[in-house]
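Beneath this line is the structure, given in structure tokens, with notes to follow.
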Amino acid sequence: MSRNVNFDLSHPLMEAGLESPADEEGVHDSFQQLIAEHSDNGAASSALELQQLQSDLDEESRDNMPLCGPEHEHRRRQGASDLECDGGEREMDPIQGEGWSSDTLKILSSMPSRTIGRNRGAIISQYCNKTLKLRRRRQTRPSIRDFSPSSRPSIRSYGMEGDTTDAEVSKRERLVNNLQNLPVSDRVRMLRGMPLSVAEKKEIRNLVMQKEKRILSNKRLSCCSQLKYYIIIAARKSWYSWLSFLHSLQPWHTLLKRVSGRFGTGVLSYFLFLKTLLFFNVFLFLVTGAFLVLPQAVHPPDEATETRSFSGLELLTGAGSFSHTVMYYGYYTNYTLPRRSRDEGGGQNASTLTSDSQQFSYNMPLAYFFTIGMAFFITCIILVYSMSKTFGRSFRINKSNSILTMKTFSSWDFKVIKKKSIQIMSENICTQLKELLAELTQKHTKSTFCKRFCRLMVHGVAWTICIASTTGCMAGVYYFSEFIHKDLQQNYRNLDVNPLMKEAKLLSLPTVVSLINLLLPALFNLVAWMEIYESPSVFAYVAIGRNLMLKTSMLGVLCFHWLGRVAPEYESIGLTCWENFVGQELYRFLLMDFIFTLLDTLFGELLWRLFSEKVLKRKRKPVFDIARNVLDLIYGQTLAWLGVLFSPLLPAVQILKLFLVFYIKMSSVMMNCQAPRKPYRASQMTTIFITLLCIPSLLGASVCVTYTMWSITPSTSCGPFRKLETMFKAGKHWMEILEKDNPSLSVLSKAHTYFVENPFFLFVGAGIFLIVIYFHSQVVDGQRKIISLLQDQIQNEGEDKKFLINRLQSIHKQKQDAGKRLKSQDSTC
């Protein structure tokens with residue numbers, strides 16, 4: 001009796017056949033092995049099944065033919081397609097909608113991608129065989145040949161609608177038995193890989209657990225076994241609780257998700273960058289605090305210092321009573337700790353290194369030098385590693401089509417059950433889909449030569465305005481700093497000036513520089529608005545470049561002022577320790593930068609929102625300026641890196657500033673800002689931020705600190721390097737003392753001379769870092785090209801399949817036409 005072979009893809013049992021299981025290769029291998037076993041058992045039975053399947057496929061057109069009249073019956077006998085039936089109004093599937101013949105449909109329907117996963121019985125049988133394979137790896141089990149052929153999926157299942165209920169129940173029972181004998185990890189992996197619904201997987205898991213409970217209830221465990229299981233369960237619960245606790249320690253996890261959901265990845269990249277800077281400053285504070293601040297605080301200097309009453313102005317200027325504390329360079333001693341008594345001569349100079357060399361407990365000059373050097377070196381390594389990692393993550397090929405598919409169908413986390421978390425996740429996914437759709441629908445229109453020329457002219461004028469304004473501001477800061485320096489010299493000669501007024505005047509230079517950093521980016525945004533950039537990401541990158549030009553020029557002028565004017569002429573302006581003055585200047589600049597950030601948040605975001613809502617009667621809010629805010633962070637971090645040599649506790653001030661800036665900006669963004677009008681995916685912004693932090697910021701700060709240590713003479717009356725020609729001589733002097741005390745260690749002195757004193761190795765190390773970055777970028781670029789070629793190859797293979805199917809269809813039509821012509825000729829004859 002013939003069987004009906006249903007190729008209707010709208011059938012419920014056929015819906016699973018449109019997708020292959022997760023482990024499709026393993027499924028194909030399993031069926032191939034089963035077919036091979038059938039052939040081993042006897043070629044006759046296999047041939048019989050294949051003949052039966054072929055006969056079933058041949059009768060498919062007759063069994064599924066709707067009865068529409070004798071004309072259509074006559075067409076059926078001639079081999080015409082049953083899709084020409086006028087009375088058939090059932091829904092057409094995608095394959096049949098192309099008008100392909102029944103032979104083509106047979107071949108398409110017998111493809112592995114359309115046969116595997118068609119019914120649950122075949123799936124359960126296939127995974128039953130998989131569980132048997134896993135069990136054979138651990139213990140000897142009967143081979144699959146020992147089972148009856150009915151317990152295995154026959155190739156007849158390719159053409160059948162489904163197994164009977166009894167067979168499916170028996171297969172389910174065997175699957176439960178096999179899963180019950182597997183370890184927990186293999187069982188979980190096997191259940192996850194089954195192409196079944198979640199309810200069916202849950203039902204199978206419950207059956208396995210119930211059977212295990214019945215088996216355990218029948219077996220009476222001993223006290224030792226029960227104790228062992230209780231200990232394992234308690235350890236597992238404690239481990240999961242510990243992991244949950246560590247996950248909760250991640251700062252601002254929920255707030256960052258909320259920002260990503262409402263404002264997209266561009267604004268999120270700013271807060272992630274702020275979080276990265278916080279970790280760098282925590283590391284720097286721990287290093288300087290452990291090796292410099294803590295030892296000096298435990299063993300304060302012997303000399304008596306004048307104490308000044310706290311007036312409150314020190315919080316703004318950093319001077320006054322703060323000058324003689326562990327916060328600044330001048331407080332640190334130039335001898336070995338602990339020092340028992342004061343030198344009889346009263347002078348504590350570099351010669352004390354020799355008198356205390358026998359104690360050799362903690363050499364403060366050497367610790368100061370190597371702590372600052374190693375802190376910069378480790379920070380550079382971390383930044384280079386972060387750069388290489390972000391390069392590989394952001395510059396790999398991620399086409400919007402594939403990402404959009406993944407975000408649409410596999411981005412939801414079903415473990416989330418809280419209502420607030422569900423809302424945050426839905427907003428996040430919605431925003432990401434908007435960004436991907438905006439990138440997908442972005443069109444690059446070709447403009448005429450006149451339009452391109454006009455656009456280039458506008459860009460040229462805009463860049464000219466930006467460069468001219470930056471140059472003018474840089475010249476203004478240069479001359480104003482020179483005026484401040486001359487004013488300090490005059491105040492030193494004039495003894496009638498109030499010391500508090502003298503300190504208050506020191507706030508003028510940080511105020512002017514911070515005001516320029518606040519107002520000039522507004523001019524840049526106005527010029528960019530005149531340019532009319534179509535892409536929001538291009539607008540952000542241009543703004544980052546212009547703000548970087550401004551910040552770099554300001555820092556260059558300030559470094560020249562501190563190291564070119566103040567350091568060589570510190571005695572002419574009445575300073576006893578120019579390092580303390582530079583440290584106080586950097587503290588003032590950090591503080592003023594924070595104050596002007598608050599003013600920008602107040603006037604630039606809050607008042608603008610209130611003015612727009614109350615006066616203009618509009619719901620439009622300002623958009624968060626990513627470029628300016630990120631460059632403000634880089635500017636502040638550069639100040640912190642410059643000041644760590646002169647003020648070891650400056651990273652602590654930067655940590656407090658970043659904490660306050662995060663919560664202030666987070667509140668302002670949530671209340672006063674709106675999402676960008678044109679959503680865009682900021683896939684490479686984090687990489688650009690880390691690159692800017694490494695090359696202009698850390699590299700510039702390292703050059704300035706290295707120049708200070710190697711070339712500038714320290715103060716003669718303060719700090720750990722007093723009475724030395726340069727700070728770098730501390731290591732050489734210690735090596736000389738070590739060589740005198742232990743002549744056998746002369747090798748270390750020579751190694752210090754060749755590897756530390758010679759700047760060639762410093763340049764070699766920097767060159768190696770740059771080469772590593774270059775090679776990694778080249779590797780990533782090569783991987784990008786390979787991935788692009790593979791994607792093109794996949795697309796071409798799809799086109800090849802379509803071409804072959806069309807050719808098959810055309811050949812079939814030619815054969816049909818030839819048969820019709822022969823029949824017509826025979827009938828005419």
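To be explicit about the labels: the chains of the structure tokens are called A, B, and onward in the order shown, and within each one the residues are counted from 1, while ligands get numbers from 1 in the order they are shown.
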
Distance table requested - range 498-529 of chain A against range 319-323 of chain A, cut-off 12 Å, only C-alpha atoms: one row per qualifying residue with the closest atom pair and its distance in Å to one decimal, ordered by chain and rising residue number, as JSON lines.
```
{"residue": "A:Pro499", "atom": "CA", "partner": "A:Gly320", "partner_atom": "CA", "distance": 9.3}
{"residue": "A:Leu500", "atom": "CA", "partner": "A:Gly320", "partner_atom": "CA", "distance": 8.8}
{"residue": "A:Met501", "atom": "CA", "partner": "A:Gly320", "partner_atom": "CA", "distance": 12.0}
{"residue": "A:Lys502", "atom": "CA", "partner": "A:Ala319", "partner_atom": "CA", "distance": 10.8}
{"residue": "A:Glu503", "atom": "CA", "partner": "A:Ala319", "partner_atom": "CA", "distance": 7.5}
{"residue": "A:Ala504", "atom": "CA", "partner": "A:Ala319", "partner_atom": "CA", "distance": 10.1}
{"residue": "A:Leu506", "atom": "CA", "partner": "A:Ala319", "partner_atom": "CA", "distance": 10.0}
{"residue": "A:Leu507", "atom": "CA", "partner": "A:Ala319", "partner_atom": "CA", "distance": 11.3}
```

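Neighbouring residues of Glu579 in chain A at 10 Å or closer, counting only C-alpha atoms and skipping chain neighbours under 2 positions away, are Tyr328, Tyr329, Gly330, Trp562, Leu563, Val566, Ala567, Tyr570, Leu575, Thr576, Cys577, Phe581, Val582, Gly583, Gln584, Glu585, Gly643, Leu645, Phe646, Ser647, Pro714, Ser715, Cys718 and Gly719 of chain A.
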
Output file for the residues above (N, CA and C atoms, as an mmCIF file, in the first residue's frame):
```
data_model
loop_
_atom_site.group_PDB
_atom_site.id
_atom_site.type_symbol
_atom_site.label_atom_id
_atom_site.label_comp_id
_atom_site.auth_asym_id
_atom_site.auth_seq_id
_atom_site.Cartn_x
_atom_site.Cartn_y
_atom_site.Cartn_z
ATOM 1 N N TYR A 328 53.119 66.454 48.556
ATOM 2 C CA TYR A 328 54.028 67.063 47.594
ATOM 3 C C TYR A 328 55.439 66.499 47.719
ATOM 4 N N TYR A 329 56.181 66.725 46.657
ATOM 5 C CA TYR A 329 57.537 66.199 46.497
ATOM 6 C C TYR A 329 58.488 66.665 47.598
ATOM 7 N N GLY A 330 58.381 67.932 48.010
ATOM 8 C CA GLY A 330 59.339 68.505 48.948
ATOM 9 C C GLY A 330 59.330 67.890 50.327
ATOM 10 N N TRP A 562 56.211 75.580 32.913
ATOM 11 C CA TRP A 562 56.682 74.991 34.172
ATOM 12 C C TRP A 562 58.143 74.551 34.088
ATOM 13 N N LEU A 563 58.503 73.899 33.003
ATOM 14 C CA LEU A 563 59.852 73.331 32.906
ATOM 15 C C LEU A 563 60.849 74.276 32.254
ATOM 16 N N VAL A 566 59.789 78.238 35.160
ATOM 17 C CA VAL A 566 59.755 78.139 36.622
ATOM 18 C C VAL A 566 60.949 77.344 37.146
ATOM 19 N N ALA A 567 61.254 76.181 36.542
ATOM 20 C CA ALA A 567 62.318 75.324 37.061
ATOM 21 C C ALA A 567 63.700 75.985 37.023
ATOM 22 N N TYR A 570 63.559 79.431 39.620
ATOM 23 C CA TYR A 570 62.677 79.361 40.788
ATOM 24 C C TYR A 570 63.147 80.230 41.935
ATOM 25 N N LEU A 575 60.958 80.977 45.408
ATOM 26 C CA LEU A 575 60.594 79.592 45.688
ATOM 27 C C LEU A 575 61.808 78.843 46.236
ATOM 28 N N THR A 576 61.582 78.034 47.261
ATOM 29 C CA THR A 576 62.627 77.156 47.782
ATOM 30 C C THR A 576 62.530 75.759 47.198
ATOM 31 N N CYS A 577 61.366 75.422 46.615
ATOM 32 C CA CYS A 577 61.158 74.083 46.040
ATOM 33 C C CYS A 577 60.244 74.236 44.825
ATOM 34 N N PHE A 581 55.867 73.810 43.743
ATOM 35 C CA PHE A 581 55.074 74.800 43.013
ATOM 36 C C PHE A 581 54.403 74.174 41.783
ATOM 37 N N VAL A 582 55.141 73.344 41.056
ATOM 38 C CA VAL A 582 54.551 72.682 39.874
ATOM 39 C C VAL A 582 53.451 71.717 40.308
ATOM 40 N N GLY A 583 53.680 70.989 41.402
ATOM 41 C CA GLY A 583 52.637 70.103 41.906
ATOM 42 C C GLY A 583 51.385 70.856 42.315
ATOM 43 N N GLN A 584 51.559 72.030 42.943
ATOM 44 C CA GLN A 584 50.395 72.847 43.320
ATOM 45 C C GLN A 584 49.684 73.399 42.089
ATOM 46 N N GLU A 585 50.470 73.779 41.074
ATOM 47 C CA GLU A 585 49.855 74.248 39.831
ATOM 48 C C GLU A 585 49.000 73.162 39.188
ATOM 49 N N GLY A 643 51.563 65.197 37.021
ATOM 50 C CA GLY A 643 51.759 65.624 38.407
ATOM 51 C C GLY A 643 52.147 64.536 39.373
ATOM 52 N N LEU A 645 54.818 62.862 39.567
ATOM 53 C CA LEU A 645 56.208 63.046 40.006
ATOM 54 C C LEU A 645 56.320 64.129 41.060
ATOM 55 N N PHE A 646 55.538 65.182 40.960
ATOM 56 C CA PHE A 646 55.624 66.313 41.872
ATOM 57 C C PHE A 646 54.628 66.224 43.023
ATOM 58 N N SER A 647 53.600 65.421 42.848
ATOM 59 C CA SER A 647 52.587 65.245 43.896
ATOM 60 C C SER A 647 52.113 63.794 43.863
ATOM 61 N N PRO A 714 67.310 69.314 40.260
ATOM 62 C CA PRO A 714 66.311 69.413 41.338
ATOM 63 C C PRO A 714 66.617 70.561 42.301
ATOM 64 N N SER A 715 65.656 70.838 43.151
ATOM 65 C CA SER A 715 65.840 71.859 44.182
ATOM 66 C C SER A 715 66.908 71.413 45.172
ATOM 67 N N CYS A 718 65.036 70.647 49.165
ATOM 68 C CA CYS A 718 63.836 69.850 49.413
ATOM 69 C C CYS A 718 63.844 68.635 48.517
ATOM 70 N N GLY A 719 63.072 67.659 48.924
ATOM 71 C CA GLY A 719 62.862 66.494 48.091
ATOM 72 C C GLY A 719 63.911 65.424 48.245
#
```

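The gap separating CA of Lys228 in chain A from CA of Glu212 in chain A is 17.8 Å, in Å to one decimal.
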
Which is closer to Arg620 in chain A than all the others in A:Glu314, A:Glu569, A:Asp632, A:Glu605, using only C-alpha atoms?
A:Glu605

Residue with smallest distance to Gly460 in chain A - pool A:Cys473, A:Leu436, A:Ala528, A:Ile372, counting only C-alpha atoms:
A:Ala528

Can you tell me, as a PyMOL selection string, which residues in range 467-624 of chain A count as alpha helix (DSSP H) by DSSP?
chain A and resi 467-493+499-505+508-531+536-560+578-599+607-614

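Shortest separation to Val644 in chain A among A:Leu724, A:Val287, A:Met554, A:Leu523 occurs at residue A:Val287, atoms counted being only C-alpha atoms.
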